[in-house]
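Asker: Please find one structure pasted underneath; my questions will follow.
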Amino acid sequence: MKRSIAIALGLLLTSCATHQSPTGRNQMLLFSGSDMAKMGDQSFEQMKQQQPISEDKTTNQYVQCVADGIITALGQQPSDWEVVVFDSEQVNAFALPGNNIGVYTGLLNVAQNQDQLAAVMGHEVAHVLANHSNERVSRSQLSNAGLELASVLLSGNANAGLYQQAAGAFIQYGVLMPYGRIQESEADVVGADLMARAGFDPNQAVALWYNMAEASGGSAPPELLSTHPSHSTRISDLKNLQPKVQPLYKQAVQQGKRRSCKQPS
């Protein structure tokens with residue numbers, strides 16, 4: 001039995017494609033880019049059907065203007081991406097495989113200028129560039145398969161339930177959550193680089209997270225049990241990035257890439 005389980009795990013692992021993230025980190029990806037794009041498109045369509053979409057012209061033009069800068073910095077055409085502003089108090093934004101960007105109007109109360117909004121968009125697009133969605137889904141599939149195989153191994157053991165709970169806790173806190181923090185930090189690095197190349201001031205990413213910390217009122221969970229770095233860690237890391245990304249920003253400004261996106265009143 002154990003030998004058959006080992007063979008099954010081996011087959012599962014060899015089916016994974018090994019890639020490197022933009023920062024050189026090894027990734028295990030189970031799904032193709034086209035598969036992820038289809039899943040991203042489907043999810044985006046569902047969200048558009050389930051959540052109210054802002055019809056405010058000025059707000060949509062402002063968000064689209066910032067998005068166009070980020071997309072152009074990718075070397076892509078803005079027309080190849082769909083950008084939707086959701087009418088919600090959520091302080092959030094996201095990007096999905098398939099070239100989809102969603103921004104909640106609540107974010108505009110915290111991201112106080114175009115550079116801060118670009119910091120969020122750059123971060124979210126960086127998740128897509130770094131295949132983080134693929135990585136997350138792939139790791140979920142692998143962990144689920146591991147638990148199912150562990151269940152077979154432990155059947156007949158009086159403490160099987162206890163061991164399975166322990167295995168689940170390890171996967172949740174020892175594998176998935178720390179890896180989530182790495183992904184978030186990686187997206188900060190790639191996002192800061194991207195916004196700088198787009199002509200948005202990356203120093204405003206630091207200001208944004210001061211705003212985020214103030215808006216959260218200290219309600220964020222402890223970093224150990226969070227998939228996101230703490231506000232203080234994030235701010236410190238972004239400050240340390242400035243010597244690298246500020247020259248890129250200044251070069252972009254000299255090349256005339258800086259935009260003037262009109263904020264909604």
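Each chain in the structure tokens gets a letter, A, B and so on, in the order shown; residues start at 1 in every chain, and ligands are counted from 1 in the order they appear.
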Distance table requested - region 31-97 of chain A against region 177-197 of chain A, cut-off 10 Å, only C-alpha atoms: one row per qualifying residue with the closest atom pair and its distance in Å to one decimal, ordered by chain and rising residue number, as a tab-separated table.

Answerer:
residue	atom	partner	partner_atom	distance
A:Val66	CA	A:Met195	CA	9.7
A:Gly69	CA	A:Met195	CA	8.2
A:Ile70	CA	A:Met195	CA	6.3
A:Ile71	CA	A:Leu194	CA	9.2
A:Thr72	CA	A:Arg197	CA	9.5
A:Ala73	CA	A:Arg197	CA	6.1
A:Leu74	CA	A:Leu194	CA	7.6

Asker: Just C-alpha atoms for this one: save the residues we selected as a PDB file, in the first residue's frame.

Answerer:
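Once everything was written out, this is again.pdb:
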ATOM      1  CA  VAL A  66      -3.863  54.535 -14.488  1.00  0.00           C
ATOM      2  CA  GLY A  69      -0.035  53.258 -17.902  1.00  0.00           C
ATOM      3  CA  ILE A  70       0.637  49.951 -16.147  1.00  0.00           C
ATOM      4  CA  ILE A  71      -0.447  47.889 -19.162  1.00  0.00           C
ATOM      5  CA  THR A  72       1.651  49.950 -21.565  1.00  0.00           C
ATOM      6  CA  ALA A  73       4.686  49.389 -19.333  1.00  0.00           C
ATOM      7  CA  LEU A  74       4.146  45.667 -19.902  1.00  0.00           C
TER       8      LEU A  74
END

Asker: What separation in Å, quoted to one decimal, exists between CA of Asn100 (chain A) and CA of Trp81 (chain A)?

Answerer: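 Straight-line distance from CA of Asn100 (chain A) to CA of Trp81 (chain A) works out to 5.8 Å.
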
Asker: Need the shell around region 199-216 of chain A: protein/DNA/RNA residues with any atom at most 7 Å away, counting only C-alpha atoms. Skip same-chain ones fewer than 2 positions apart. Format as a ChimeraX atom specification?

Answerer: /A:110-111,115-116,118-119,192,195-197,218-220,231,235,238-239,242,245-246,249,252-253,257-258

Asker: Those same residues, written as a CSV table (one decimal), in the first residue's frame with N, CA, C and O atoms?

Answerer:
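That gives us part25.csv:
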chain,number,residue,atom,x,y,z
A,110,VAL,N,-8.6,55.4,-0.1
A,110,VAL,CA,-7.3,55.2,0.6
A,110,VAL,C,-6.1,55.4,-0.4
A,110,VAL,O,-5.1,56.0,0.1
A,111,ALA,N,-6.2,55.0,-1.6
A,111,ALA,CA,-5.2,55.4,-2.6
A,111,ALA,C,-5.5,56.8,-3.1
A,111,ALA,O,-6.4,57.1,-3.9
A,115,ASP,N,-0.5,57.8,-8.3
A,115,ASP,CA,0.6,57.0,-8.0
A,115,ASP,C,0.3,55.9,-7.0
A,115,ASP,O,0.8,54.7,-7.2
A,116,GLN,N,-0.5,56.2,-6.0
A,116,GLN,CA,-0.9,55.2,-5.0
A,116,GLN,C,-1.8,54.2,-5.7
A,116,GLN,O,-1.7,53.0,-5.4
A,118,ALA,N,-1.7,53.4,-8.8
A,118,ALA,CA,-0.8,52.6,-9.6
A,118,ALA,C,0.0,51.6,-8.8
A,118,ALA,O,0.3,50.5,-9.3
A,119,ALA,N,0.3,51.9,-7.6
A,119,ALA,CA,1.0,51.0,-6.7
A,119,ALA,C,0.2,49.7,-6.5
A,119,ALA,O,0.7,48.6,-6.5
A,192,ALA,N,6.4,47.4,-7.8
A,192,ALA,CA,7.2,48.6,-7.7
A,192,ALA,C,8.0,48.9,-8.9
A,192,ALA,O,8.1,50.0,-9.4
A,195,MET,N,5.4,49.9,-11.8
A,195,MET,CA,4.9,51.2,-11.7
A,195,MET,C,5.9,52.3,-12.0
A,195,MET,O,5.6,53.3,-12.6
A,196,ALA,N,7.2,52.0,-11.6
A,196,ALA,CA,8.2,53.0,-11.9
A,196,ALA,C,8.5,53.1,-13.4
A,196,ALA,O,8.6,54.2,-14.0
A,197,ARG,N,8.5,51.9,-14.1
A,197,ARG,CA,8.7,51.9,-15.5
A,197,ARG,C,7.5,52.6,-16.3
A,197,ARG,O,7.6,53.1,-17.4
A,218,GLY,N,-5.3,49.1,12.9
A,218,GLY,CA,-4.6,48.1,13.7
A,218,GLY,C,-5.3,46.7,13.8
A,218,GLY,O,-5.0,45.9,14.6
A,219,SER,N,-6.3,46.5,12.9
A,219,SER,CA,-7.1,45.3,13.0
A,219,SER,C,-6.6,44.1,12.2
A,219,SER,O,-7.2,43.1,12.1
A,220,ALA,N,-5.4,44.3,11.5
A,220,ALA,CA,-4.8,43.2,10.8
A,220,ALA,C,-4.4,42.1,11.7
A,220,ALA,O,-4.0,42.3,12.8
A,231,HIS,N,1.8,45.5,7.9
A,231,HIS,CA,2.0,46.8,7.3
A,231,HIS,C,3.4,47.3,7.5
A,231,HIS,O,4.1,47.9,6.6
A,235,ILE,N,6.0,48.3,4.6
A,235,ILE,CA,6.6,49.6,4.4
A,235,ILE,C,8.1,49.6,4.4
A,235,ILE,O,8.7,50.3,3.6
A,238,LEU,N,9.4,48.2,1.1
A,238,LEU,CA,9.2,49.1,0.0
A,238,LEU,C,10.2,50.3,0.1
A,238,LEU,O,10.7,50.8,-0.9
A,239,LYS,N,10.5,50.7,1.3
A,239,LYS,CA,11.5,51.7,1.5
A,239,LYS,C,12.9,51.2,1.0
A,239,LYS,O,13.6,52.0,0.3
A,242,GLN,N,13.5,51.5,-2.8
A,242,GLN,CA,13.5,52.8,-3.5
A,242,GLN,C,14.8,53.1,-4.3
A,242,GLN,O,14.8,53.6,-5.4
A,245,VAL,N,14.3,51.3,-7.7
A,245,VAL,CA,13.2,51.7,-8.6
A,245,VAL,C,13.1,53.2,-8.9
A,245,VAL,O,12.6,53.6,-10.0
A,246,GLN,N,13.7,54.0,-8.1
A,246,GLN,CA,13.6,55.5,-8.3
A,246,GLN,C,14.3,55.9,-9.6
A,246,GLN,O,13.8,56.7,-10.4
A,249,TYR,N,12.0,55.2,-12.4
A,249,TYR,CA,10.9,56.2,-12.5
A,249,TYR,C,11.4,57.5,-13.1
A,249,TYR,O,10.7,58.0,-14.0
A,252,ALA,N,11.7,57.1,-16.8
A,252,ALA,CA,10.4,57.1,-17.4
A,252,ALA,C,9.8,58.5,-17.6
A,252,ALA,O,9.2,58.8,-18.6
A,253,VAL,N,10.0,59.3,-16.6
A,253,VAL,CA,9.6,60.7,-16.6
A,253,VAL,C,10.3,61.4,-17.7
A,253,VAL,O,9.7,62.2,-18.5
A,257,LYS,N,6.7,59.4,-20.1
A,257,LYS,CA,5.8,58.4,-19.8
A,257,LYS,C,4.8,58.7,-18.7
A,257,LYS,O,3.8,58.0,-18.5
A,258,ARG,N,5.2,59.7,-17.9
A,258,ARG,CA,4.3,60.1,-16.8
A,258,ARG,C,2.9,60.6,-17.2
A,258,ARG,O,2.9,61.5,-18.1

Asker: What gap, in Å, lies between CA of Leu129 (chain A) and CA of Ser230 (chain A)?

Answerer: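 Value for the CA of Leu129 (chain A)-CA of Ser230 (chain A) distance: 23.0 Å.
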
Asker: Any idea what's packed within 8 Å of Lys262 (chain A), counting only C-alpha atoms, ignoring anything in its chain fewer than 3 positions away? Could you give it as a list of chain:residue names?

Answerer: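 The contact residues come out as A:Thr58, A:Gln61, A:Tyr62.
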
Asker: Determine the nearest neighbour of Gln255 (chain A) from the options A:Asp80, A:Met28, A:Gly102, A:Ala198, counting only C-alpha atoms.

Answerer: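 For Gln255 (chain A), the nearest of the candidates is A:Ala198.
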
Asker: Please measure the separation of CA of Met36 (chain A) and CA of Val137 (chain A), giving the value in Å to one decimal.

Answerer: 9.5 Å

Asker: Looking only at the backbone, which of the residues in region 54-105 of chain A does DSSP tag as helix (DSSP H, G or I), as a list in words?

Answerer: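 Taking region 54-105 of chain A and keeping helix (DSSP H, G or I) gives Lys57, Thr58, Thr59, Asn60, Gln61, Tyr62, Val63, Gln64, Cys65, Val66, Ala67, Asp68, Gly69, Ile70, Ile71, Thr72, Ala73, Pro78, Ser79, Asp80 and Thr105 of chain A.
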
Asker: Would you write out those residues with N, CA, C and O atoms, as a PDB file, in the first residue's frame?

Answerer:
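This went into selection_11.pdb:
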ATOM      1  N   LYS A  57     -18.672  58.157 -14.901  1.00  0.00           N
ATOM      2  CA  LYS A  57     -17.771  58.322 -16.040  1.00  0.00           C
ATOM      3  C   LYS A  57     -16.383  58.781 -15.607  1.00  0.00           C
ATOM      4  O   LYS A  57     -15.365  58.245 -16.068  1.00  0.00           O
ATOM      5  N   THR A  58     -16.334  59.771 -14.721  1.00  0.00           N
ATOM      6  CA  THR A  58     -15.038  60.311 -14.290  1.00  0.00           C
ATOM      7  C   THR A  58     -14.209  59.265 -13.558  1.00  0.00           C
ATOM      8  O   THR A  58     -13.002  59.140 -13.780  1.00  0.00           O
ATOM      9  N   THR A  59     -14.865  58.498 -12.695  1.00  0.00           N
ATOM     10  CA  THR A  59     -14.162  57.447 -11.951  1.00  0.00           C
ATOM     11  C   THR A  59     -13.615  56.392 -12.897  1.00  0.00           C
ATOM     12  O   THR A  59     -12.462  55.959 -12.773  1.00  0.00           O
ATOM     13  N   ASN A  60     -14.427  55.977 -13.852  1.00  0.00           N
ATOM     14  CA  ASN A  60     -13.985  54.958 -14.805  1.00  0.00           C
ATOM     15  C   ASN A  60     -12.830  55.459 -15.664  1.00  0.00           C
ATOM     16  O   ASN A  60     -11.876  54.712 -15.923  1.00  0.00           O
ATOM     17  N   GLN A  61     -12.880  56.715 -16.084  1.00  0.00           N
ATOM     18  CA  GLN A  61     -11.801  57.272 -16.893  1.00  0.00           C
ATOM     19  C   GLN A  61     -10.508  57.370 -16.100  1.00  0.00           C
ATOM     20  O   GLN A  61      -9.422  57.107 -16.632  1.00  0.00           O
ATOM     21  N   TYR A  62     -10.629  57.725 -14.821  1.00  0.00           N
ATOM     22  CA  TYR A  62      -9.453  57.841 -13.953  1.00  0.00           C
ATOM     23  C   TYR A  62      -8.778  56.486 -13.761  1.00  0.00           C
ATOM     24  O   TYR A  62      -7.556  56.347 -13.947  1.00  0.00           O
ATOM     25  N   VAL A  63      -9.568  55.495 -13.418  1.00  0.00           N
ATOM     26  CA  VAL A  63      -9.020  54.153 -13.197  1.00  0.00           C
ATOM     27  C   VAL A  63      -8.433  53.604 -14.495  1.00  0.00           C
ATOM     28  O   VAL A  63      -7.352  52.999 -14.500  1.00  0.00           O
ATOM     29  N   GLN A  64      -9.129  53.814 -15.611  1.00  0.00           N
ATOM     30  CA  GLN A  64      -8.635  53.327 -16.897  1.00  0.00           C
ATOM     31  C   GLN A  64      -7.326  54.002 -17.276  1.00  0.00           C
ATOM     32  O   GLN A  64      -6.412  53.365 -17.814  1.00  0.00           O
ATOM     33  N   CYS A  65      -7.200  55.300 -16.978  1.00  0.00           N
ATOM     34  CA  CYS A  65      -5.975  56.044 -17.280  1.00  0.00           C
ATOM     35  C   CYS A  65      -4.772  55.438 -16.552  1.00  0.00           C
ATOM     36  O   CYS A  65      -3.703  55.229 -17.140  1.00  0.00           O
ATOM     37  N   VAL A  66      -4.950  55.137 -15.267  1.00  0.00           N
ATOM     38  CA  VAL A  66      -3.863  54.535 -14.488  1.00  0.00           C
ATOM     39  C   VAL A  66      -3.560  53.130 -15.003  1.00  0.00           C
ATOM     40  O   VAL A  66      -2.395  52.749 -15.175  1.00  0.00           O
ATOM     41  N   ALA A  67      -4.602  52.366 -15.274  1.00  0.00           N
ATOM     42  CA  ALA A  67      -4.422  51.000 -15.788  1.00  0.00           C
ATOM     43  C   ALA A  67      -3.686  51.015 -17.124  1.00  0.00           C
ATOM     44  O   ALA A  67      -2.806  50.177 -17.371  1.00  0.00           O
ATOM     45  N   ASP A  68      -4.020  51.976 -17.982  1.00  0.00           N
ATOM     46  CA  ASP A  68      -3.364  52.054 -19.287  1.00  0.00           C
ATOM     47  C   ASP A  68      -1.858  52.248 -19.135  1.00  0.00           C
ATOM     48  O   ASP A  68      -1.072  51.692 -19.911  1.00  0.00           O
ATOM     49  N   GLY A  69      -1.454  53.052 -18.139  1.00  0.00           N
ATOM     50  CA  GLY A  69      -0.035  53.258 -17.902  1.00  0.00           C
ATOM     51  C   GLY A  69       0.666  51.967 -17.507  1.00  0.00           C
ATOM     52  O   GLY A  69       1.750  51.651 -18.016  1.00  0.00           O
ATOM     53  N   ILE A  70       0.058  51.221 -16.598  1.00  0.00           N
ATOM     54  CA  ILE A  70       0.637  49.951 -16.147  1.00  0.00           C
ATOM     55  C   ILE A  70       0.696  48.954 -17.292  1.00  0.00           C
ATOM     56  O   ILE A  70       1.718  48.286 -17.509  1.00  0.00           O
ATOM     57  N   ILE A  71      -0.389  48.856 -18.060  1.00  0.00           N
ATOM     58  CA  ILE A  71      -0.447  47.889 -19.162  1.00  0.00           C
ATOM     59  C   ILE A  71       0.565  48.235 -20.244  1.00  0.00           C
ATOM     60  O   ILE A  71       1.242  47.358 -20.792  1.00  0.00           O
ATOM     61  N   THR A  72       0.685  49.518 -20.555  1.00  0.00           N
ATOM     62  CA  THR A  72       1.651  49.950 -21.565  1.00  0.00           C
ATOM     63  C   THR A  72       3.076  49.621 -21.148  1.00  0.00           C
ATOM     64  O   THR A  72       3.916  49.249 -21.978  1.00  0.00           O
ATOM     65  N   ALA A  73       3.353  49.725 -19.844  1.00  0.00           N
ATOM     66  CA  ALA A  73       4.686  49.389 -19.333  1.00  0.00           C
ATOM     67  C   ALA A  73       4.994  47.909 -19.502  1.00  0.00           C
ATOM     68  O   ALA A  73       6.164  47.504 -19.520  1.00  0.00           O
ATOM     69  N   PRO A  78      -3.512  48.488 -24.084  1.00  0.00           N
ATOM     70  CA  PRO A  78      -4.621  48.577 -23.124  1.00  0.00           C
ATOM     71  C   PRO A  78      -5.904  47.924 -23.626  1.00  0.00           C
ATOM     72  O   PRO A  78      -6.689  47.393 -22.841  1.00  0.00           O
ATOM     73  N   SER A  79      -6.099  47.936 -24.939  1.00  0.00           N
ATOM     74  CA  SER A  79      -7.308  47.327 -25.507  1.00  0.00           C
ATOM     75  C   SER A  79      -7.351  45.817 -25.323  1.00  0.00           C
ATOM     76  O   SER A  79      -8.404  45.197 -25.470  1.00  0.00           O
ATOM     77  N   ASP A  80      -6.209  45.215 -25.003  1.00  0.00           N
ATOM     78  CA  ASP A  80      -6.160  43.768 -24.786  1.00  0.00           C
ATOM     79  C   ASP A  80      -6.563  43.380 -23.370  1.00  0.00           C
ATOM     80  O   ASP A  80      -6.650  42.192 -23.053  1.00  0.00           O
ATOM     81  N   THR A 105     -14.432  50.857  -5.781  1.00  0.00           N
ATOM     82  CA  THR A 105     -14.434  52.304  -5.542  1.00  0.00           C
ATOM     83  C   THR A 105     -13.944  52.648  -4.146  1.00  0.00           C
ATOM     84  O   THR A 105     -13.393  53.731  -3.932  1.00  0.00           O
TER      85      THR A 105
END

Asker: Using only C-alpha atoms, find the one residue out of A:Leu96, A:Asp35, A:Leu107, A:Val85 that sits nearest to Glu55 (chain A).

Answerer: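 Among the listed residues, A:Val85 lies closest to Glu55 (chain A).
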